[in-house]
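This is query.cif. It holds mmCIF, C-alpha atoms and all ligand atoms.
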```cif
data_work
loop_
_atom_site.group_PDB
_atom_site.id
_atom_site.type_symbol
_atom_site.label_atom_id
_atom_site.label_comp_id
_atom_site.auth_asym_id
_atom_site.auth_seq_id
_atom_site.Cartn_x
_atom_site.Cartn_y
_atom_site.Cartn_z
ATOM 1 C CA MET A 1 -19.895 -104.441 112.237
ATOM 2 C CA ILE A 2 -20.710 -101.967 109.391
ATOM 3 C CA HIS A 3 -17.823 -99.844 110.544
ATOM 4 C CA TYR A 4 -15.523 -102.824 110.227
ATOM 5 C CA PHE A 5 -16.402 -103.245 106.518
ATOM 6 C CA LEU A 6 -16.106 -99.534 105.877
ATOM 7 C CA ARG A 7 -12.552 -99.634 107.107
ATOM 8 C CA PHE A 8 -9.897 -100.065 104.448
ATOM 9 C CA THR A 9 -8.525 -103.501 105.379
ATOM 10 C CA PRO A 10 -7.429 -106.377 103.119
ATOM 11 C CA ILE A 11 -10.556 -108.321 104.122
ATOM 12 C CA SER A 12 -12.941 -105.448 103.411
ATOM 13 C CA VAL A 13 -11.264 -104.865 100.025
ATOM 14 C CA PHE A 14 -11.629 -108.583 99.276
ATOM 15 C CA TYR A 15 -15.356 -108.524 100.125
ATOM 16 C CA ALA A 16 -15.882 -105.366 98.067
ATOM 17 C CA LEU A 17 -14.217 -106.969 95.036
ATOM 18 C CA ALA A 18 -16.256 -110.147 95.508
ATOM 19 C CA VAL A 19 -19.503 -108.144 95.578
ATOM 20 C CA LEU A 20 -18.422 -106.203 92.457
ATOM 21 C CA TRP A 21 -17.592 -109.459 90.637
ATOM 22 C CA PHE A 22 -20.986 -110.934 91.608
ATOM 23 C CA ILE A 23 -22.867 -107.857 90.392
ATOM 24 C CA THR A 24 -21.136 -107.727 87.012
ATOM 25 C CA ASN A 25 -20.822 -111.441 86.287
ATOM 26 C CA VAL A 26 -23.831 -113.045 87.930
ATOM 27 C CA ALA A 27 -26.595 -110.670 88.969
ATOM 28 C CA PHE A 28 -26.608 -108.598 85.771
ATOM 29 C CA ALA A 29 -25.077 -111.065 83.330
ATOM 30 C CA GLN A 30 -27.649 -111.317 80.540
ATOM 31 C CA GLU A 31 -28.028 -113.850 77.810
ATOM 32 C CA ILE A 32 -28.491 -112.186 74.445
ATOM 33 C CA ALA A 33 -32.069 -112.521 73.232
ATOM 34 C CA HIS A 34 -32.427 -114.908 70.283
ATOM 35 C CA PRO A 35 -34.392 -113.272 67.425
ATOM 36 C CA GLY A 36 -35.679 -116.732 66.469
ATOM 37 C CA TYR A 37 -35.836 -118.704 63.231
ATOM 38 C CA GLU A 38 -38.758 -119.136 60.880
ATOM 39 C CA VAL A 39 -39.446 -122.079 58.648
ATOM 40 C CA ALA A 40 -41.193 -121.478 55.344
ATOM 41 C CA PRO A 41 -43.417 -124.091 53.684
ATOM 42 C CA GLU A 42 -41.445 -123.627 50.469
ATOM 43 C CA ARG A 43 -37.788 -122.967 50.004
ATOM 44 C CA ARG A 44 -36.038 -121.047 47.257
ATOM 45 C CA THR A 45 -33.488 -122.708 44.986
ATOM 46 C CA THR A 46 -30.240 -123.148 46.981
ATOM 47 C CA GLY A 47 -32.085 -122.217 50.196
ATOM 48 C CA ILE A 48 -32.884 -124.475 53.159
ATOM 49 C CA GLY A 49 -36.322 -122.950 53.851
ATOM 50 C CA LYS A 50 -35.155 -121.552 57.183
ATOM 51 C CA PHE A 51 -35.148 -117.801 57.737
ATOM 52 C CA TYR A 52 -33.151 -115.615 60.110
ATOM 53 C CA MET A 53 -34.170 -111.974 60.481
ATOM 54 C CA GLY A 54 -35.912 -112.039 57.111
ATOM 55 C CA ARG A 55 -33.068 -113.789 55.232
ATOM 56 C CA GLU A 56 -33.308 -117.285 53.837
ATOM 57 C CA ILE A 57 -30.230 -119.342 54.727
ATOM 58 C CA SER A 58 -28.482 -121.101 51.849
ATOM 59 C CA PHE A 59 -27.281 -124.682 51.439
ATOM 60 C CA VAL A 60 -23.795 -125.587 52.652
ATOM 61 C CA MET A 61 -21.288 -125.925 49.819
ATOM 62 C CA GLY A 62 -20.197 -129.566 49.805
ATOM 63 C CA HIS A 63 -16.548 -130.584 49.977
ATOM 64 C CA GLN A 64 -16.936 -132.173 46.522
ATOM 65 C CA ALA A 65 -16.764 -128.625 45.129
ATOM 66 C CA ALA A 66 -13.621 -127.683 47.069
ATOM 67 C CA GLN A 67 -11.564 -127.237 43.903
ATOM 68 C CA TRP A 68 -13.878 -124.350 42.937
ATOM 69 C CA LEU A 69 -12.578 -122.511 45.993
ATOM 70 C CA ASN A 70 -9.037 -122.702 44.597
ATOM 71 C CA ARG A 71 -9.941 -121.563 41.052
ATOM 72 C CA PRO A 72 -7.263 -119.271 39.553
ATOM 73 C CA SER A 73 -9.809 -116.563 38.612
ATOM 74 C CA ARG A 74 -10.453 -116.014 42.318
ATOM 75 C CA ILE A 75 -7.299 -113.922 42.543
ATOM 76 C CA GLN A 76 -8.938 -111.232 40.363
ATOM 77 C CA GLU A 77 -12.455 -111.787 41.656
ATOM 78 C CA GLU A 78 -11.708 -111.715 45.412
ATOM 79 C CA MET A 79 -8.182 -110.252 45.721
ATOM 80 C CA PRO A 80 -7.291 -112.501 48.715
ATOM 81 C CA ASP A 81 -3.845 -111.031 49.364
ATOM 82 C CA GLN A 82 -5.246 -107.502 49.541
ATOM 83 C CA VAL A 83 -7.988 -108.733 51.879
ATOM 84 C CA VAL A 84 -5.400 -110.165 54.271
ATOM 85 C CA ALA A 85 -3.237 -107.015 54.009
ATOM 86 C CA ASN A 86 -6.282 -104.944 54.999
ATOM 87 C CA MET A 87 -6.878 -106.970 58.166
ATOM 88 C CA GLY A 88 -4.068 -105.083 59.930
ATOM 89 C CA LEU A 89 -2.888 -108.141 61.844
ATOM 90 C CA SER A 90 0.019 -108.348 64.293
ATOM 91 C CA ALA A 91 2.633 -111.081 63.932
ATOM 92 C CA ASP A 92 1.457 -112.872 67.076
ATOM 93 C CA ASP A 93 -2.297 -112.679 66.493
ATOM 94 C CA VAL A 94 -4.559 -115.708 66.804
ATOM 95 C CA VAL A 95 -7.095 -115.650 63.975
ATOM 96 C CA ALA A 96 -10.063 -117.980 63.482
ATOM 97 C CA ASP A 97 -11.044 -118.623 59.865
ATOM 98 C CA ILE A 98 -14.630 -119.790 60.301
ATOM 99 C CA GLY A 99 -15.943 -121.860 57.427
ATOM 100 C CA ALA A 100 -12.375 -122.213 56.223
ATOM 101 C CA GLY A 101 -13.155 -124.649 53.410
ATOM 102 C CA SER A 102 -9.926 -125.754 51.727
ATOM 103 C CA GLY A 103 -7.947 -123.102 53.620
ATOM 104 C CA TYR A 104 -7.736 -120.606 50.752
ATOM 105 C CA PHE A 105 -7.617 -117.735 53.262
ATOM 106 C CA SER A 106 -6.186 -119.658 56.242
ATOM 107 C CA PHE A 107 -2.765 -120.170 54.640
ATOM 108 C CA ARG A 108 -2.514 -116.587 53.436
ATOM 109 C CA ILE A 109 -3.355 -115.320 56.928
ATOM 110 C CA ALA A 110 -0.898 -117.774 58.516
ATOM 111 C CA ALA A 111 1.951 -116.142 56.577
ATOM 112 C CA THR A 112 1.158 -112.780 58.212
ATOM 113 C CA VAL A 113 0.997 -114.168 61.780
ATOM 114 C CA PRO A 114 4.281 -116.134 61.987
ATOM 115 C CA GLU A 115 4.330 -115.913 65.800
ATOM 116 C CA GLY A 116 0.594 -116.526 66.105
ATOM 117 C CA LYS A 117 -1.711 -119.046 64.494
ATOM 118 C CA VAL A 118 -4.794 -119.594 62.406
ATOM 119 C CA LEU A 119 -7.604 -121.781 63.686
ATOM 120 C CA ALA A 120 -9.227 -123.131 60.536
ATOM 121 C CA VAL A 121 -12.771 -124.062 61.570
ATOM 122 C CA ASP A 122 -15.096 -126.102 59.387
ATOM 123 C CA ILE A 123 -17.938 -128.578 59.888
ATOM 124 C CA GLN A 124 -16.802 -130.859 57.038
ATOM 125 C CA PRO A 125 -13.961 -133.212 58.036
ATOM 126 C CA GLU A 126 -13.097 -133.558 54.327
ATOM 127 C CA MET A 127 -12.271 -129.837 54.203
ATOM 128 C CA LEU A 128 -10.028 -130.191 57.256
ATOM 129 C CA GLN A 129 -8.314 -133.139 55.553
ATOM 130 C CA LEU A 130 -7.484 -130.912 52.553
ATOM 131 C CA ILE A 131 -6.004 -128.394 54.978
ATOM 132 C CA GLU A 132 -3.890 -131.113 56.624
ATOM 133 C CA GLU A 133 -2.585 -132.163 53.213
ATOM 134 C CA GLN A 134 -1.543 -128.619 52.315
ATOM 135 C CA LYS A 135 0.042 -128.133 55.751
ATOM 136 C CA ALA A 136 2.162 -131.226 55.185
ATOM 137 C CA SER A 137 3.163 -130.385 51.615
ATOM 138 C CA ASP A 138 4.008 -126.725 52.411
ATOM 139 C CA ARG A 139 5.412 -127.489 55.894
ATOM 140 C CA ILE A 140 3.123 -124.991 57.608
ATOM 141 C CA VAL A 141 2.892 -125.350 61.374
ATOM 142 C CA ASN A 142 0.723 -122.407 62.427
ATOM 143 C CA VAL A 143 -2.564 -123.515 60.892
ATOM 144 C CA VAL A 144 -4.644 -125.683 63.214
ATOM 145 C CA GLY A 145 -7.775 -127.416 61.957
ATOM 146 C CA VAL A 146 -10.812 -127.268 64.255
ATOM 147 C CA LEU A 147 -13.888 -129.405 63.632
ATOM 148 C CA GLY A 148 -16.822 -127.130 64.338
ATOM 149 C CA GLU A 149 -20.488 -127.969 64.796
ATOM 150 C CA ILE A 150 -23.372 -126.372 62.926
ATOM 151 C CA ASP A 151 -24.190 -124.325 66.036
ATOM 152 C CA ASP A 152 -20.789 -123.976 67.683
ATOM 153 C CA PRO A 153 -17.354 -122.955 66.351
ATOM 154 C CA ASN A 154 -15.796 -124.899 69.246
ATOM 155 C CA LEU A 155 -13.384 -122.152 70.268
ATOM 156 C CA PRO A 156 -12.387 -121.412 73.892
ATOM 157 C CA ALA A 157 -13.618 -118.164 75.470
ATOM 158 C CA GLU A 158 -11.491 -115.052 74.863
ATOM 159 C CA SER A 159 -8.916 -117.010 72.865
ATOM 160 C CA ILE A 160 -8.830 -115.163 69.515
ATOM 161 C CA ASP A 161 -7.847 -111.687 68.313
ATOM 162 C CA ALA A 162 -9.871 -111.851 65.126
ATOM 163 C CA ALA A 163 -12.310 -113.998 63.200
ATOM 164 C CA ILE A 164 -12.819 -113.994 59.454
ATOM 165 C CA MET A 165 -15.674 -115.466 57.449
ATOM 166 C CA VAL A 166 -15.358 -115.395 53.679
ATOM 167 C CA ASP A 167 -18.376 -116.441 51.602
ATOM 168 C CA ALA A 168 -19.426 -118.631 54.531
ATOM 169 C CA TYR A 169 -21.740 -116.833 56.971
ATOM 170 C CA HIS A 170 -24.748 -116.896 54.604
ATOM 171 C CA GLU A 171 -24.714 -120.707 54.744
ATOM 172 C CA PHE A 172 -24.503 -121.134 58.523
ATOM 173 C CA SER A 173 -27.708 -122.980 59.444
ATOM 174 C CA HIS A 174 -27.494 -121.497 62.988
ATOM 175 C CA PRO A 175 -26.162 -117.962 62.490
ATOM 176 C CA PHE A 176 -27.223 -116.750 65.948
ATOM 177 C CA GLU A 177 -25.437 -119.578 67.765
ATOM 178 C CA MET A 178 -22.341 -119.250 65.542
ATOM 179 C CA ILE A 179 -21.914 -115.507 66.140
ATOM 180 C CA ASN A 180 -22.645 -116.053 69.822
ATOM 181 C CA GLY A 181 -19.783 -118.576 69.965
ATOM 182 C CA ILE A 182 -17.464 -116.323 67.962
ATOM 183 C CA TYR A 183 -18.347 -113.332 70.129
ATOM 184 C CA LYS A 184 -17.444 -115.248 73.281
ATOM 185 C CA ALA A 185 -14.206 -116.522 71.707
ATOM 186 C CA LEU A 186 -13.063 -112.994 70.827
ATOM 187 C CA ARG A 187 -10.874 -111.057 73.217
ATOM 188 C CA PRO A 188 -12.052 -107.526 74.083
ATOM 189 C CA GLU A 189 -11.387 -105.239 71.085
ATOM 190 C CA GLY A 190 -11.233 -108.336 68.890
ATOM 191 C CA ARG A 191 -12.517 -107.939 65.349
ATOM 192 C CA ILE A 192 -14.770 -109.864 63.004
ATOM 193 C CA PHE A 193 -14.101 -109.625 59.275
ATOM 194 C CA LEU A 194 -17.195 -110.617 57.364
ATOM 195 C CA LEU A 195 -16.926 -110.918 53.597
ATOM 196 C CA GLU A 196 -19.983 -111.574 51.488
ATOM 197 C CA TYR A 197 -20.875 -110.950 47.849
ATOM 198 C CA ARG A 198 -22.761 -107.655 47.593
ATOM 199 C CA GLY A 199 -26.489 -108.351 47.726
ATOM 200 C CA GLU A 200 -27.344 -104.821 46.555
ATOM 201 C CA ASP A 201 -25.440 -105.275 43.304
ATOM 202 C CA SER A 202 -27.301 -107.203 40.615
ATOM 203 C CA SER A 203 -24.198 -107.181 38.387
ATOM 204 C CA VAL A 204 -22.368 -109.540 40.789
ATOM 205 C CA PRO A 205 -22.810 -112.931 39.066
ATOM 206 C CA ILE A 206 -23.681 -114.949 42.161
ATOM 207 C CA ARG A 207 -27.023 -116.524 43.129
ATOM 208 C CA PRO A 208 -29.162 -114.363 45.461
ATOM 209 C CA LEU A 209 -28.963 -116.483 48.620
ATOM 210 C CA HIS A 210 -25.150 -116.510 48.375
ATOM 211 C CA LYS A 211 -25.014 -112.721 48.612
ATOM 212 C CA MET A 212 -25.805 -110.364 51.514
ATOM 213 C CA THR A 213 -26.614 -106.698 51.705
ATOM 214 C CA GLU A 214 -24.659 -104.480 54.065
ATOM 215 C CA GLU A 215 -27.935 -103.541 55.794
ATOM 216 C CA GLN A 216 -28.769 -107.193 56.507
ATOM 217 C CA VAL A 217 -25.291 -107.980 57.870
ATOM 218 C CA VAL A 218 -25.392 -104.954 60.184
ATOM 219 C CA LYS A 219 -28.855 -105.963 61.387
ATOM 220 C CA GLU A 220 -27.675 -109.491 62.251
ATOM 221 C CA MET A 221 -24.452 -108.376 63.970
ATOM 222 C CA SER A 222 -26.318 -105.708 65.968
ATOM 223 C CA VAL A 223 -28.046 -108.489 67.915
ATOM 224 C CA PHE A 224 -24.735 -108.912 69.748
ATOM 225 C CA GLY A 225 -23.981 -105.245 70.156
ATOM 226 C CA LEU A 226 -20.967 -105.651 67.887
ATOM 227 C CA GLU A 227 -19.723 -102.252 66.756
ATOM 228 C CA TRP A 228 -19.830 -101.812 62.980
ATOM 229 C CA THR A 229 -16.383 -100.282 62.579
ATOM 230 C CA GLU A 230 -16.252 -99.910 58.808
ATOM 231 C CA THR A 231 -16.953 -101.470 55.436
ATOM 232 C CA LEU A 232 -14.099 -101.624 52.967
ATOM 233 C CA ASP A 233 -15.455 -101.574 49.448
ATOM 234 C CA PHE A 234 -12.287 -102.037 47.392
ATOM 235 C CA LEU A 235 -13.255 -105.550 46.273
ATOM 236 C CA PRO A 236 -14.824 -106.123 42.848
ATOM 237 C CA TRP A 237 -17.742 -108.217 44.128
ATOM 238 C CA GLN A 238 -17.757 -108.308 47.934
ATOM 239 C CA HIS A 239 -18.257 -106.209 51.018
ATOM 240 C CA MET A 240 -15.435 -106.522 53.513
ATOM 241 C CA MET A 241 -17.195 -105.574 56.747
ATOM 242 C CA ILE A 242 -15.391 -105.075 60.056
ATOM 243 C CA PHE A 243 -17.059 -105.372 63.476
ATOM 244 C CA THR A 244 -15.401 -104.846 66.861
ATOM 245 C CA LYS A 245 -16.164 -106.353 70.264
ATOM 246 C CA ARG A 246 -16.079 -103.478 72.724
ATOM 247 C CA GLY A 247 -15.515 -103.717 76.448
HETATM 248 C C1 LIG B 301 -18.365 -121.481 50.318
HETATM 249 S S1 LIG B 301 -17.249 -122.241 51.467
HETATM 250 C C2 LIG B 301 -16.046 -120.956 51.703
HETATM 251 C C3 LIG B 301 -14.725 -121.485 52.196
HETATM 252 C C4 LIG B 301 -13.637 -120.443 52.474
HETATM 253 N N1 LIG B 301 -14.046 -119.463 53.449
HETATM 254 C C5 LIG B 301 -13.197 -119.760 51.235
HETATM 255 O O1 LIG B 301 -13.498 -118.568 51.070
HETATM 256 O O2 LIG B 301 -12.525 -120.390 50.420
HETATM 257 C C6 LIG B 301 -18.141 -122.235 52.994
HETATM 258 C C7 LIG B 301 -17.603 -123.190 54.043
HETATM 259 O O3 LIG B 301 -18.312 -122.948 55.268
HETATM 260 C C8 LIG B 301 -18.439 -124.191 55.936
HETATM 261 N N2 LIG B 301 -19.515 -124.096 56.945
HETATM 262 C C9 LIG B 301 -20.858 -124.074 56.762
HETATM 263 N N3 LIG B 301 -21.491 -123.973 57.943
HETATM 264 C C10 LIG B 301 -20.527 -123.907 58.901
HETATM 265 C C11 LIG B 301 -20.534 -123.775 60.317
HETATM 266 N N4 LIG B 301 -21.664 -123.684 61.020
HETATM 267 N N5 LIG B 301 -19.337 -123.750 60.960
HETATM 268 C C12 LIG B 301 -18.179 -123.831 60.280
HETATM 269 N N6 LIG B 301 -18.103 -123.962 58.939
HETATM 270 C C13 LIG B 301 -19.269 -123.993 58.261
HETATM 271 C C14 LIG B 301 -18.708 -125.173 54.837
HETATM 272 O O4 LIG B 301 -18.440 -126.488 55.251
HETATM 273 C C15 LIG B 301 -17.776 -124.665 53.734
HETATM 274 O O5 LIG B 301 -16.541 -125.311 53.776
#
```
Since I need it in another form, could you write the structure as structure tokens?
Ligand SMILES: C[S@@+](CC[C@H](N)C(=O)[O-])C[C@H]1O[C@@H](n2cnc3c(N)ncnc32)[C@H](O)[C@@H]1O
Amino acid sequence: MIHYFLRFTPISVFYALAVLWFITNVAFAQEIAHPGYEVAPERRTTGIGKFYMGREISFVMGHQAAQWLNRPSRIQEEMPDQVVANMGLSADDVVADIGAGSGYFSFRIAATVPEGKVLAVDIQPEMLQLIEEQKASDRIVNVVGVLGEIDDPNLPAESIDAAIMVDAYHEFSHPFEMINGIYKALRPEGRIFLLEYRGEDSSVPIRPLHKMTEEQVVKEMSVFGLEWTETLDFLPWQHMMIFTKRG
């Protein structure tokens, strides 16, 4: 019997592959350990009183303030076109803009992926409505709105080449679950672009809970074994951090 399986036959190869698949996908498949959340008796201004890895999570910016996202001064403050140019995208890439808001970055990215698409994910239907209005007025077809949940970006597994979060991650009420969902949605070698106002820099005129230090971001991404590829520091106020899903 043993000798039969040791022989190189189509059936023995099939059984060997089945065993290999079982070992890698079932027997040793591990869920990533959740570092846990803590709730404080008191919250800071603009915080929700919930902590993740020592960081207090901030309030979600309401859709009523969406016009602030399109303020003209943002061009100098956040250099959006240079951010998109530095993403190194291919024309057919699928990019998820998580916490897309009014689509300030989604539409810029869409122009650089004419054969691909941008999945603009947000939890506020009013934000997605603004995106639909701009799509119609500018006749853009490769931006697709996705209604996310506070703990799930609602993206299929291994469906995206890159994800970008601009000024959004710090307000995710369930950062572990969100990055878990994004991680699963990324294809191997897919990249995460995480932009946050620099928490180390007191001259950046943004409230503390709406900023993040590089050290804190790396700590939170390390939970998933994401490789910290580089930080681009050409922006006046923000870190542009790049993480890669290996394997
Ligand atoms: C400050 S706005 C930034 C919008 C956009 N990235 C920009 O730079 O213009 C943050 C956005 O993240 C969204 N958001 C918050 N939690 C989210 C979550 N768990 N999933 C998806 N979007 C979320 C909010 O609804 C809001 O539209």
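Excluding A:Leu128 itself and any same-chain residue fewer than 3 positions from it, the protein and nucleic acid residues within 10 Å of it, counting only C-alpha atoms, are His63, Ala100, Gly101, Ser102, Gly103, Ala120, Val121, Asp122, Ile123, Gln124, Pro125, Ile131, Glu132, Glu133, Gln134, Val144, Gly145, Val146 and Leu147 of chain A.
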Give as an MDAnalysis selection string the residues surrounding ligand LIG 301 (chain B) up to a distance of 6 Å, considering only C-alpha atoms and all ligand atoms.
chainID A and resid 60:61 69 98:101 104 121:124 148:151 153 165:168 171:172
Sorted by chain and rising residue number, list the residues of stretch 94-176 of chain A at most 12 Å from stretch 76-88 of chain A (counting only C-alpha atoms), each with its closest atom pair and distance in Å to one decimal, as JSON lines.
```
{"residue": "A:Val95", "atom": "CA", "partner": "A:Met87", "partner_atom": "CA", "distance": 10.4}
{"residue": "A:Asp97", "atom": "CA", "partner": "A:Val84", "partner_atom": "CA", "distance": 11.6}
{"residue": "A:Gly103", "atom": "CA", "partner": "A:Pro80", "partner_atom": "CA", "distance": 11.7}
{"residue": "A:Tyr104", "atom": "CA", "partner": "A:Pro80", "partner_atom": "CA", "distance": 8.4}
{"residue": "A:Phe105", "atom": "CA", "partner": "A:Pro80", "partner_atom": "CA", "distance": 6.9}
{"residue": "A:Ser106", "atom": "CA", "partner": "A:Val84", "partner_atom": "CA", "distance": 9.7}
{"residue": "A:Phe107", "atom": "CA", "partner": "A:Val84", "partner_atom": "CA", "distance": 10.4}
{"residue": "A:Arg108", "atom": "CA", "partner": "A:Asp81", "partner_atom": "CA", "distance": 7.0}
{"residue": "A:Ile109", "atom": "CA", "partner": "A:Val84", "partner_atom": "CA", "distance": 6.1}
{"residue": "A:Ala110", "atom": "CA", "partner": "A:Val84", "partner_atom": "CA", "distance": 9.8}
{"residue": "A:Ala111", "atom": "CA", "partner": "A:Val84", "partner_atom": "CA", "distance": 9.8}
{"residue": "A:Thr112", "atom": "CA", "partner": "A:Val84", "partner_atom": "CA", "distance": 8.1}
{"residue": "A:Val113", "atom": "CA", "partner": "A:Gly88", "partner_atom": "CA", "distance": 10.6}
{"residue": "A:Asp161", "atom": "CA", "partner": "A:Met87", "partner_atom": "CA", "distance": 11.2}
{"residue": "A:Ala162", "atom": "CA", "partner": "A:Met87", "partner_atom": "CA", "distance": 9.0}
{"residue": "A:Ala163", "atom": "CA", "partner": "A:Met87", "partner_atom": "CA", "distance": 10.2}
{"residue": "A:Ile164", "atom": "CA", "partner": "A:Met87", "partner_atom": "CA", "distance": 9.3}
{"residue": "A:Met165", "atom": "CA", "partner": "A:Val83", "partner_atom": "CA", "distance": 11.6}
{"residue": "A:Val166", "atom": "CA", "partner": "A:Glu78", "partner_atom": "CA", "distance": 9.8}
{"residue": "A:Asp167", "atom": "CA", "partner": "A:Glu78", "partner_atom": "CA", "distance": 10.3}
```
Please evaluate the PyMOL selection byres (((chain A and resi 205-219) around 9) and not hetatm) against the displayed coordinates and give the resulting residues as a CSV table (one decimal) with C-alpha atoms, in the coordinates of the input.
```csv
chain,number,residue,atom,x,y,z
A,44,ARG,CA,-36.0,-121.0,47.3
A,45,THR,CA,-33.5,-122.7,45.0
A,46,THR,CA,-30.2,-123.1,47.0
A,47,GLY,CA,-32.1,-122.2,50.2
A,53,MET,CA,-34.2,-112.0,60.5
A,54,GLY,CA,-35.9,-112.0,57.1
A,55,ARG,CA,-33.1,-113.8,55.2
A,56,GLU,CA,-33.3,-117.3,53.8
A,57,ILE,CA,-30.2,-119.3,54.7
A,58,SER,CA,-28.5,-121.1,51.8
A,59,PHE,CA,-27.3,-124.7,51.4
A,167,ASP,CA,-18.4,-116.4,51.6
A,168,ALA,CA,-19.4,-118.6,54.5
A,170,HIS,CA,-24.7,-116.9,54.6
A,171,GLU,CA,-24.7,-120.7,54.7
A,194,LEU,CA,-17.2,-110.6,57.4
A,196,GLU,CA,-20.0,-111.6,51.5
A,197,TYR,CA,-20.9,-111.0,47.8
A,198,ARG,CA,-22.8,-107.7,47.6
A,199,GLY,CA,-26.5,-108.4,47.7
A,200,GLU,CA,-27.3,-104.8,46.6
A,201,ASP,CA,-25.4,-105.3,43.3
A,202,SER,CA,-27.3,-107.2,40.6
A,203,SER,CA,-24.2,-107.2,38.4
A,204,VAL,CA,-22.4,-109.5,40.8
A,220,GLU,CA,-27.7,-109.5,62.3
A,221,MET,CA,-24.5,-108.4,64.0
A,222,SER,CA,-26.3,-105.7,66.0
A,223,VAL,CA,-28.0,-108.5,67.9
A,226,LEU,CA,-21.0,-105.7,67.9
A,228,TRP,CA,-19.8,-101.8,63.0
A,231,THR,CA,-17.0,-101.5,55.4
A,237,TRP,CA,-17.7,-108.2,44.1
A,238,GLN,CA,-17.8,-108.3,47.9
A,239,HIS,CA,-18.3,-106.2,51.0
A,241,MET,CA,-17.2,-105.6,56.7
A,243,PHE,CA,-17.1,-105.4,63.5
```
Pick from A:Glu230, A:Asp138, A:Glu177, A:Glu115, whichever lies nearest to A:Ala33 using only C-alpha atoms
A:Glu177
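Distance-wise, atom CA of A:Ile32 and atom CA of A:Leu232 end up 27.9 Å apart.
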When you draw a straight line from atom CA of A:Arg43 to atom CA of A:His174, how long is it in Å?
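Going from atom CA of A:Arg43 over to atom CA of A:His174, I get 16.6 Å.
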So which one's closest to A:Ser173, A:Val118, A:Pro188, A:Pro41, A:Lys50? Using all atoms listed in the file, please.
A:Lys50
Report, in Å with one decimal, the straight-line distance from atom CA of A:Ala96 to atom CA of A:Thr244.
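These two atoms are separated by 14.6 Å.
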Given the file above and the PyMOL selection byres (((chain A and resi 245) around 8) and not hetatm), which residues are selected, and can you give them as number ranges by chain?
A: 183, 186-191, 225-227, 243-244, 246-247
Centre, edges in Å (one decimal): axis-aligned box, stretch 186-204 of chain A, 3 Å padding on all six sides, as JSON:
```
{"center_x": -19.1, "center_y": -108.9, "center_z": 56.2, "size_x": 22.5, "size_y": 14.2, "size_z": 41.7}
```
Find the residues around A:Asp152 up to 9 Å (all atoms listed in the file counted), leave out those fewer than 5 positions away in its own chain, and share them as a count of residues only.
7
Hey, which of A:Met127, A:Met240, A:Ala157, A:Leu195 ends up closest to A:Ala65? Count only C-alpha atoms.
A:Met127
Would you mind telling me which residue in A:Phe176, A:Leu119, A:Ile140, A:Glu38 lies nearest to A:Asn154 when using only C-alpha atoms?
A:Leu119
